[in-house]
file upload_27.csv (CSV, C-alpha atoms)
chain,number,residue,atom,x,y,z
A,1,MET,CA,5.3,2.4,-5.0
A,2,LEU,CA,4.4,0.6,-8.2
A,3,GLY,CA,4.2,-2.7,-6.2
A,4,ALA,CA,1.4,-1.1,-4.2
A,5,ILE,CA,-0.4,-0.1,-7.4
A,6,ILE,CA,-0.1,-3.5,-9.0
A,7,GLY,CA,-1.5,-5.1,-5.8
A,8,ASP,CA,-4.4,-2.7,-5.9
A,9,ILE,CA,-5.3,-3.3,-9.5
A,10,VAL,CA,-4.9,-7.1,-9.4
A,11,GLY,CA,-7.0,-7.3,-6.2
A,12,SER,CA,-9.6,-4.8,-7.3
A,13,ARG,CA,-12.0,-7.2,-9.0
A,14,PHE,CA,-12.2,-9.5,-6.0
A,15,GLU,CA,-12.9,-7.0,-3.2
A,16,PHE,CA,-16.7,-7.1,-3.5
A,17,GLY,CA,-16.9,-10.0,-6.0
A,18,ALA,CA,-16.6,-13.8,-5.9
A,19,ALA,CA,-13.6,-15.2,-4.0
A,20,PRO,CA,-10.6,-15.7,-6.2
A,21,LYS,CA,-9.8,-19.2,-7.6
A,22,ARG,CA,-6.4,-20.7,-7.6
A,23,ASP,CA,-4.3,-19.6,-10.7
A,24,PHE,CA,-6.6,-16.7,-11.3
A,25,GLU,CA,-5.7,-14.3,-14.1
A,26,LEU,CA,-3.9,-11.3,-12.7
A,27,PHE,CA,-4.9,-8.6,-15.2
A,28,THR,CA,-8.3,-8.5,-16.8
A,29,SER,CA,-10.8,-5.9,-18.2
A,30,GLU,CA,-12.6,-6.2,-14.8
A,31,CYS,CA,-9.6,-4.7,-13.0
A,32,SER,CA,-9.0,-1.1,-12.2
A,33,TYR,CA,-7.1,1.2,-9.9
A,34,THR,CA,-9.0,2.1,-6.7
A,35,ASP,CA,-8.7,4.7,-4.0
A,36,ASP,CA,-5.6,2.8,-2.9
A,37,THR,CA,-3.7,3.9,-6.0
A,38,ILE,CA,-5.1,7.4,-6.0
A,39,CYS,CA,-4.0,8.0,-2.4
A,40,THR,CA,-0.6,6.4,-3.0
A,41,VAL,CA,0.0,8.7,-5.9
A,42,ALA,CA,-1.1,11.7,-3.7
A,43,ILE,CA,1.5,10.8,-1.0
A,44,ALA,CA,4.2,10.6,-3.6
A,45,ASP,CA,3.2,13.9,-5.2
A,46,ALA,CA,3.3,15.5,-1.7
A,47,VAL,CA,6.8,14.4,-1.0
A,48,LEU,CA,8.2,15.0,-4.5
A,49,ASN,CA,6.7,18.4,-5.0
A,50,GLY,CA,6.7,19.8,-1.5
A,51,ARG,CA,2.9,19.7,-0.9
A,52,GLU,CA,1.0,19.2,2.3
A,53,TYR,CA,-0.3,15.6,2.6
A,54,LYS,CA,-3.8,16.9,3.3
A,55,ASP,CA,-3.8,19.1,0.2
A,56,ALA,CA,-2.4,16.4,-2.1
A,57,LEU,CA,-4.9,13.9,-0.9
A,58,ARG,CA,-7.8,16.2,-1.4
A,59,ASP,CA,-6.5,17.3,-4.8
A,60,TRP,CA,-6.1,13.8,-6.2
A,61,CYS,CA,-9.2,12.3,-4.7
A,62,ASN,CA,-11.3,15.1,-6.1
A,63,ARG,CA,-9.7,14.6,-9.5
A,64,TYR,CA,-11.0,11.0,-9.3
A,65,PRO,CA,-14.2,11.2,-7.2
A,66,ASP,CA,-15.6,7.8,-8.3
A,67,PRO,CA,-12.9,5.1,-8.2
A,68,MET,CA,-13.8,1.5,-8.5
A,69,GLY,CA,-15.1,0.4,-5.1
A,70,ALA,CA,-15.6,4.0,-4.0
A,71,TYR,CA,-14.0,5.7,-1.0
A,72,GLY,CA,-14.8,4.5,2.5
A,73,ASN,CA,-17.6,6.3,4.2
A,74,MET,CA,-15.5,8.2,6.8
A,75,PHE,CA,-12.9,9.2,4.2
A,76,ALA,CA,-15.6,10.3,1.8
A,77,GLN,CA,-17.0,12.5,4.5
A,78,TRP,CA,-13.5,13.9,5.1
A,79,LEU,CA,-13.2,14.7,1.4
A,80,ALA,CA,-16.6,16.4,1.3
A,81,SER,CA,-15.9,18.6,4.3
A,82,ASP,CA,-15.0,22.3,3.9
A,83,ASP,CA,-12.5,22.0,6.7
A,84,PRO,CA,-11.6,18.3,7.0
A,85,GLN,CA,-10.2,17.2,10.3
A,86,PRO,CA,-8.6,13.9,11.4
A,87,MET,CA,-11.1,11.1,12.0
A,88,ASN,CA,-9.4,9.1,14.7
A,89,SER,CA,-9.4,6.2,12.2
A,90,PHE,CA,-7.4,3.0,12.5
A,91,GLY,CA,-8.5,1.8,9.1
A,92,ASN,CA,-5.9,0.3,6.8
A,93,GLY,CA,-5.9,3.3,4.5
A,94,SER,CA,-3.0,4.9,6.2
A,95,ALA,CA,-0.8,1.8,5.5
A,96,MET,CA,-1.9,1.2,1.9
A,97,ARG,CA,-0.9,4.7,0.8
A,98,VAL,CA,2.4,5.1,2.7
A,99,SER,CA,4.9,3.2,0.4
A,100,PRO,CA,6.4,6.3,-1.3
A,101,ILE,CA,7.8,7.4,2.1
A,102,GLY,CA,9.7,4.2,2.5
A,103,TRP,CA,11.5,5.0,-0.7
A,104,LEU,CA,11.9,8.7,-0.7
A,105,TYR,CA,13.4,9.0,2.9
A,106,SER,CA,16.4,7.1,4.1
A,107,ASP,CA,17.0,8.1,7.7
A,108,TRP,CA,15.1,6.0,10.3
A,109,GLU,CA,13.7,8.9,12.1
A,110,GLU,CA,12.6,10.7,8.9
A,111,VAL,CA,10.8,7.6,7.7
A,112,ILE,CA,8.9,7.2,11.0
A,113,GLY,CA,8.1,10.9,11.3
A,114,GLU,CA,6.9,11.3,7.7
A,115,ALA,CA,4.8,8.1,7.9
A,116,GLU,CA,3.1,9.6,10.9
A,117,ARG,CA,2.6,12.9,9.2
A,118,SER,CA,1.1,11.2,6.2
A,119,ALA,CA,-1.3,9.3,8.4
A,120,VAL,CA,-2.5,11.8,10.9
A,121,VAL,CA,-4.4,14.0,8.4
A,122,THR,CA,-7.0,11.3,8.4
A,123,HIS,CA,-5.9,8.4,10.6
A,124,ASN,CA,-4.7,9.9,13.9
A,125,HIS,CA,-5.6,6.9,16.0
A,126,PRO,CA,-2.4,5.3,17.4
A,127,GLU,CA,-3.2,2.1,15.4
A,128,GLY,CA,-3.6,4.0,12.2
A,129,ILE,CA,-0.3,5.8,12.7
A,130,LYS,CA,1.5,2.5,13.7
A,131,GLY,CA,0.3,0.7,10.6
A,132,ALA,CA,1.7,3.4,8.3
A,133,GLN,CA,5.0,3.6,10.2
A,134,CYS,CA,5.4,-0.2,10.1
A,135,ILE,CA,5.0,-0.5,6.4
A,136,ALA,CA,7.2,2.5,5.6
A,137,GLU,CA,9.9,1.2,7.9
A,138,VAL,CA,9.8,-2.4,6.5
A,139,ILE,CA,10.3,-1.0,3.0
A,140,SER,CA,13.2,1.1,4.3
A,141,TRP,CA,14.7,-1.8,6.1
A,142,LEU,CA,14.6,-4.0,3.0
A,143,ARG,CA,16.1,-1.3,0.8
A,144,HIS,CA,18.9,-0.2,3.1
A,145,MET,CA,19.6,-3.1,5.5
A,146,ARG,CA,18.6,-6.0,3.3
A,147,PHE,CA,17.2,-7.8,6.3
A,148,THR,CA,16.1,-11.4,5.8
A,149,LYS,CA,12.4,-12.3,6.1
A,150,PRO,CA,12.9,-13.9,9.6
A,151,GLU,CA,14.6,-10.7,10.7
A,152,ILE,CA,11.8,-8.6,9.3
A,153,GLU,CA,9.2,-10.7,11.3
A,154,ARG,CA,11.2,-10.4,14.5
A,155,LYS,CA,11.7,-6.6,14.1
A,156,VAL,CA,8.0,-6.0,13.3
A,157,GLN,CA,7.1,-7.8,16.5
A,158,LYS,CA,9.8,-6.0,18.5
A,159,PHE,CA,9.2,-2.4,17.3
A,160,PHE,CA,5.5,-2.5,16.3
A,161,GLN,CA,4.1,-5.3,18.5
A,162,TYR,CA,2.4,-7.0,15.5
A,163,GLU,CA,2.0,-10.7,15.8
A,164,ILE,CA,2.1,-12.0,12.2
A,165,PRO,CA,-0.4,-14.8,11.9
A,166,PRO,CA,0.3,-18.0,10.1
A,167,MET,CA,-1.1,-18.3,6.5
A,168,LYS,CA,-3.5,-21.1,7.4
A,169,ASP,CA,-5.2,-18.8,9.9
A,170,ILE,CA,-5.5,-15.9,7.4
A,171,LEU,CA,-7.0,-18.2,4.8
A,172,LYS,CA,-9.5,-19.5,7.3
A,173,ILE,CA,-10.6,-16.0,8.3
A,174,GLY,CA,-11.0,-15.1,4.6
A,175,ALA,CA,-13.0,-18.2,3.9
A,176,GLN,CA,-15.4,-17.2,6.6
A,177,GLY,CA,-16.1,-14.0,4.8
A,178,HIS,CA,-14.4,-11.7,7.3
A,179,PHE,CA,-13.5,-8.3,5.8
A,180,ASP,CA,-10.2,-7.0,7.3
A,181,ALA,CA,-10.5,-3.2,7.3
A,182,THR,CA,-8.2,-2.2,10.1
A,183,CYS,CA,-4.5,-1.7,10.2
A,184,GLN,CA,-4.1,-4.1,13.1
A,185,GLU,CA,-5.6,-6.9,10.9
A,186,THR,CA,-4.5,-6.0,7.4
A,187,VAL,CA,-0.9,-5.1,8.0
A,188,PRO,CA,0.2,-8.4,9.7
A,189,MET,CA,-1.8,-10.3,7.1
A,190,ALA,CA,-0.1,-8.5,4.2
A,191,LEU,CA,3.3,-9.0,5.8
A,192,ARG,CA,2.7,-12.8,6.1
A,193,CYS,CA,1.9,-12.9,2.4
A,194,PHE,CA,5.2,-11.3,1.6
A,195,ILE,CA,7.1,-13.5,4.1
A,196,ASP,CA,5.6,-16.8,2.8
A,197,ALA,CA,6.0,-16.0,-0.9
A,198,ASN,CA,8.9,-16.8,-3.2
A,199,ASN,CA,8.7,-13.9,-5.6
A,200,PHE,CA,6.8,-10.7,-6.3
A,201,GLU,CA,4.0,-12.3,-8.3
A,202,GLU,CA,3.4,-15.0,-5.7
A,203,THR,CA,3.2,-12.3,-3.0
A,204,ILE,CA,0.3,-10.6,-4.9
A,205,ARG,CA,-1.4,-13.9,-5.5
A,206,LEU,CA,-1.2,-15.0,-1.9
A,207,ALA,CA,-2.6,-11.6,-0.7
A,208,VAL,CA,-5.6,-11.9,-3.1
A,209,MET,CA,-6.2,-15.5,-2.2
A,210,CYS,CA,-6.6,-14.5,1.4
A,211,ASP,CA,-9.9,-12.8,0.3
A,212,GLY,CA,-11.4,-10.0,2.4
A,213,ASP,CA,-10.1,-6.6,1.5
A,214,THR,CA,-8.2,-8.0,-1.4
A,215,ASP,CA,-7.1,-4.8,-3.1
A,216,THR,CA,-5.7,-3.2,0.1
A,217,LYS,CA,-4.0,-6.4,1.4
A,218,ALA,CA,-2.4,-6.9,-2.0
A,219,CYS,CA,-1.5,-3.2,-2.2
A,220,ILE,CA,0.4,-3.4,1.1
A,221,ALA,CA,2.0,-6.8,0.4
A,222,GLY,CA,3.0,-5.6,-3.0
A,223,SER,CA,4.6,-2.4,-1.7
A,224,VAL,CA,6.9,-4.5,0.6
A,225,ALA,CA,7.6,-7.1,-2.0
A,226,GLU,CA,8.8,-4.5,-4.5
A,227,ALA,CA,11.5,-3.5,-2.1
A,228,TYR,CA,12.7,-7.1,-1.7
A,229,TYR,CA,12.2,-8.6,-5.2
A,230,GLY,CA,11.7,-5.8,-7.7
A,231,ILE,CA,8.9,-6.1,-10.2
A,232,PRO,CA,8.9,-8.2,-13.4
A,233,ASP,CA,8.9,-5.9,-16.5
A,234,TRP,CA,5.8,-7.5,-18.0
A,235,MET,CA,3.8,-6.6,-14.9
A,236,VAL,CA,5.0,-3.1,-15.1
A,237,GLU,CA,3.9,-2.8,-18.7
A,238,ARG,CA,0.5,-4.3,-18.0
A,239,THR,CA,-0.1,-1.9,-15.1
A,240,PHE,CA,0.8,1.2,-17.0
A,241,ALA,CA,-2.1,0.5,-19.3
A,242,TYR,CA,-4.6,1.0,-16.5
A,243,LEU,CA,-3.3,4.4,-15.3
A,244,PRO,CA,-4.2,7.9,-16.5
A,245,ASP,CA,-1.5,10.3,-17.7
A,246,ASP,CA,-1.3,12.4,-14.6
A,247,MET,CA,-0.6,9.3,-12.4
A,248,LEU,CA,2.0,8.1,-14.9
A,249,GLU,CA,3.7,11.5,-14.6
A,250,ILE,CA,4.1,11.1,-10.9
A,251,LEU,CA,5.4,7.6,-11.3
A,252,ASP,CA,8.0,8.8,-13.8
A,253,GLN,CA,9.0,11.6,-11.4
A,254,PHE,CA,9.2,9.1,-8.5
A,255,TYR,CA,11.4,6.5,-10.3
A,256,THR,CA,13.6,9.1,-11.9
A,257,LYS,CA,14.4,10.3,-8.4
A,258,ILE,CA,14.9,6.8,-7.0
A,259,ARG,CA,17.3,5.9,-9.9
A,260,SER,CA,19.3,9.1,-9.5
A,261,GLU,CA,19.8,8.4,-5.8
A,262,ILE,CA,20.9,4.9,-6.5
A,263,ASN,CA,23.3,6.0,-9.3
A,264,PRO,CA,23.9,9.8,-9.0
A,265,LYS,CA,25.7,9.8,-12.4
A,266,GLN,CA,22.5,8.9,-14.2

call {"tool": "encode", "arguments": {"input": "upload_27.csv", "output": "structure tokens"}}
result
Amino acid sequence: MLGAIIGDIVGSRFEFGAAPKRDFELFTSECSYTDDTICTVAIADAVLNGREYKDALRDWCNRYPDPMGAYGNMFAQWLASDDPQPMNSFGNGSAMRVSPIGWLYSDWEEVIGEAERSAVVTHNHPEGIKGAQCIAEVISWLRHMRFTKPEIERKVQKFFQYEIPPMKDILKIGAQGHFDATCQETVPMALRCFIDANNFEETIRLAVMCDGDTDTKACIAGSVAEAYYGIPDWMVERTFAYLPDDMLEILDQFYTKIRSEINPKQ
């Protein structure tokens, strides 16, 4: 979960700004959490505290109505509605917020089912659902099965029919100014950044260097990389400084539960 938030914060200043330069500074005063972090916290809150996904998303997004970069137009309309209904969306928002489910559920069917339930309140298009299921399942595979990266790539293709493009193609698309806003684009790109990187920080850097939807691509890539590498302590400390107290409370609740499941005597 924190891996997703770190990717969001690091990528935030590049989403609508100048393309990142090599060896860019990860954390600056221009960085902030965006809707990616808010929605990720909402999904964690829903699972941890027995809330409906729809209610948690509306609660958290209304607490923070003006995040950096704003909410997407369709999602903003959903939030503003008195009776919001699914939007048949296949945008990458369903995949960027799903990481807590890959950690808080262990059974394969539960992970797939909860990922779908978290998606359909807004993203009920089959591609929107698939994007969420893929990322939640990859996190679960890495946590429980310790699959290798080549195994992950093969299984993503087999079970989710995603062709993960080579990095050179992703960089070329980014250099052309294309903004990857759909699950079917962003999810494979983010997975390639994870697969080609050698550590957590490099995963985030690669995702941001691909340009386009930098915060969301880095959010998704970071969520997967956390399950494989963990996160350096210094990055955790820097990230906490960007987050308000109510988000930190959910993070504390989340990692307390994760630690207790890994070591029940704690």

call {"tool": "residues_around", "arguments": {"input": "upload_27.csv", "residues": "A:Glu25", "least_positions_apart": "3", "cutoff": "12 Å", "atoms": "only C-alpha atoms", "output": "PyMOL selection string"}}
result
chain A and resi 9-11+13-14+20-22+28-31+201+204-205+208-209

call {"tool": "closest_residue", "arguments": {"input": "upload_27.csv", "among": "A:Phe160, A:Asp83, A:Thr216, A:Trp78", "to": "A:His123", "atoms": "all atoms listed in the file"}}
result
A:Trp78

call {"tool": "atom_distance", "arguments": {"input": "upload_27.csv", "atom1": "atom CA of A:His178", "atom2": "atom CA of A:Val224"}}
result
23.5 Å

call {"tool": "atom_distance", "arguments": {"input": "upload_27.csv", "atom1": "atom CA of A:Gln85", "atom2": "atom CA of A:Ala46"}}
result
18.1 Å

call {"tool": "closest_atom_pairs", "arguments": {"input": "upload_27.csv", "of": "stretch 106-173 of chain A", "to": "stretch 93-98 of chain A", "cutoff": "7 Å", "atoms": "all atoms listed in the file", "output": "JSON lines"}}
result
{"residue": "A:Ala115", "atom": "CA", "partner": "A:Val98", "partner_atom": "CA", "distance": 6.5}
{"residue": "A:Ala119", "atom": "CA", "partner": "A:Ser94", "partner_atom": "CA", "distance": 5.2}
{"residue": "A:His123", "atom": "CA", "partner": "A:Ser94", "partner_atom": "CA", "distance": 6.3}
{"residue": "A:Gly128", "atom": "CA", "partner": "A:Ser94", "partner_atom": "CA", "distance": 6.1}
{"residue": "A:Gly131", "atom": "CA", "partner": "A:Ala95", "partner_atom": "CA", "distance": 5.3}
{"residue": "A:Ala132", "atom": "CA", "partner": "A:Ala95", "partner_atom": "CA", "distance": 4.1}
{"residue": "A:Ile135", "atom": "CA", "partner": "A:Ala95", "partner_atom": "CA", "distance": 6.3}
{"residue": "A:Ala136", "atom": "CA", "partner": "A:Val98", "partner_atom": "CA", "distance": 6.2}

call {"tool": "residues_near_point", "arguments": {"input": "upload_27.csv", "point": "(-16.3, -7.4, -4.5)", "cutoff": "9 Å", "atoms": "all atoms listed in the file", "output": "PyMOL selection string"}}
result
chain A and resi 12-19+69+212-214

call {"tool": "atom_distance", "arguments": {"input": "upload_27.csv", "atom1": "atom CA of A:Ala190", "atom2": "atom CA of A:Ala221"}}
result
4.7 Å

call {"tool": "closest_residue", "arguments": {"input": "upload_27.csv", "among": "A:Met87, A:Ala70, A:Val47, A:Ala225", "to": "A:Val111", "atoms": "all atoms listed in the file"}}
result
A:Val47

call {"tool": "residues_near_point", "arguments": {"input": "upload_27.csv", "point": "(-11.9, 24.3, 2.8)", "cutoff": "12 Å", "atoms": "only C-alpha atoms", "output": "PyMOL selection string"}}
result
chain A and resi 54-55+58-59+78-85

call {"tool": "closest_residue", "arguments": {"input": "upload_27.csv", "among": "A:Ile6, A:Glu137, A:Arg51, A:Val121", "to": "A:Pro232", "atoms": "only C-alpha atoms"}}
result
A:Ile6

call {"tool": "closest_residue", "arguments": {"input": "upload_27.csv", "among": "A:Met145, A:Val120, A:Ala76, A:Leu104", "to": "A:Tyr53", "atoms": "only C-alpha atoms"}}
result
A:Val120

call {"tool": "closest_residue", "arguments": {"input": "upload_27.csv", "among": "A:Ile220, A:Ile101, A:Leu171, A:Leu206", "to": "A:Val187", "atoms": "only C-alpha atoms"}}
result
A:Ile220

call {"tool": "closest_residue", "arguments": {"input": "upload_27.csv", "among": "A:Ala56, A:Ile195, A:Met167, A:Leu243", "to": "A:Ile5", "atoms": "only C-alpha atoms"}}
result
A:Leu243

call {"tool": "residues_around", "arguments": {"input": "upload_27.csv", "residues": "A:Ile170", "least_positions_apart": "6", "cutoff": "9 Å", "atoms": "all atoms listed in the file", "output": "PyMOL selection string"}}
result
chain A and resi 189+192+210-211

call {"tool": "residues_around", "arguments": {"input": "upload_27.csv", "residues": "A:Glu237", "least_positions_apart": "3", "cutoff": "12 Å", "atoms": "only C-alpha atoms", "output": "ChimeraX atom specification"}}
result
/A:2,6,27,231-234,240-243,248

call {"tool": "residues_around", "arguments": {"input": "upload_27.csv", "residues": "A:Ala44", "least_positions_apart": "6", "cutoff": "8 Å", "atoms": "all atoms listed in the file", "output": "PyMOL selection string"}}
result
chain A and resi 100-101+250+254
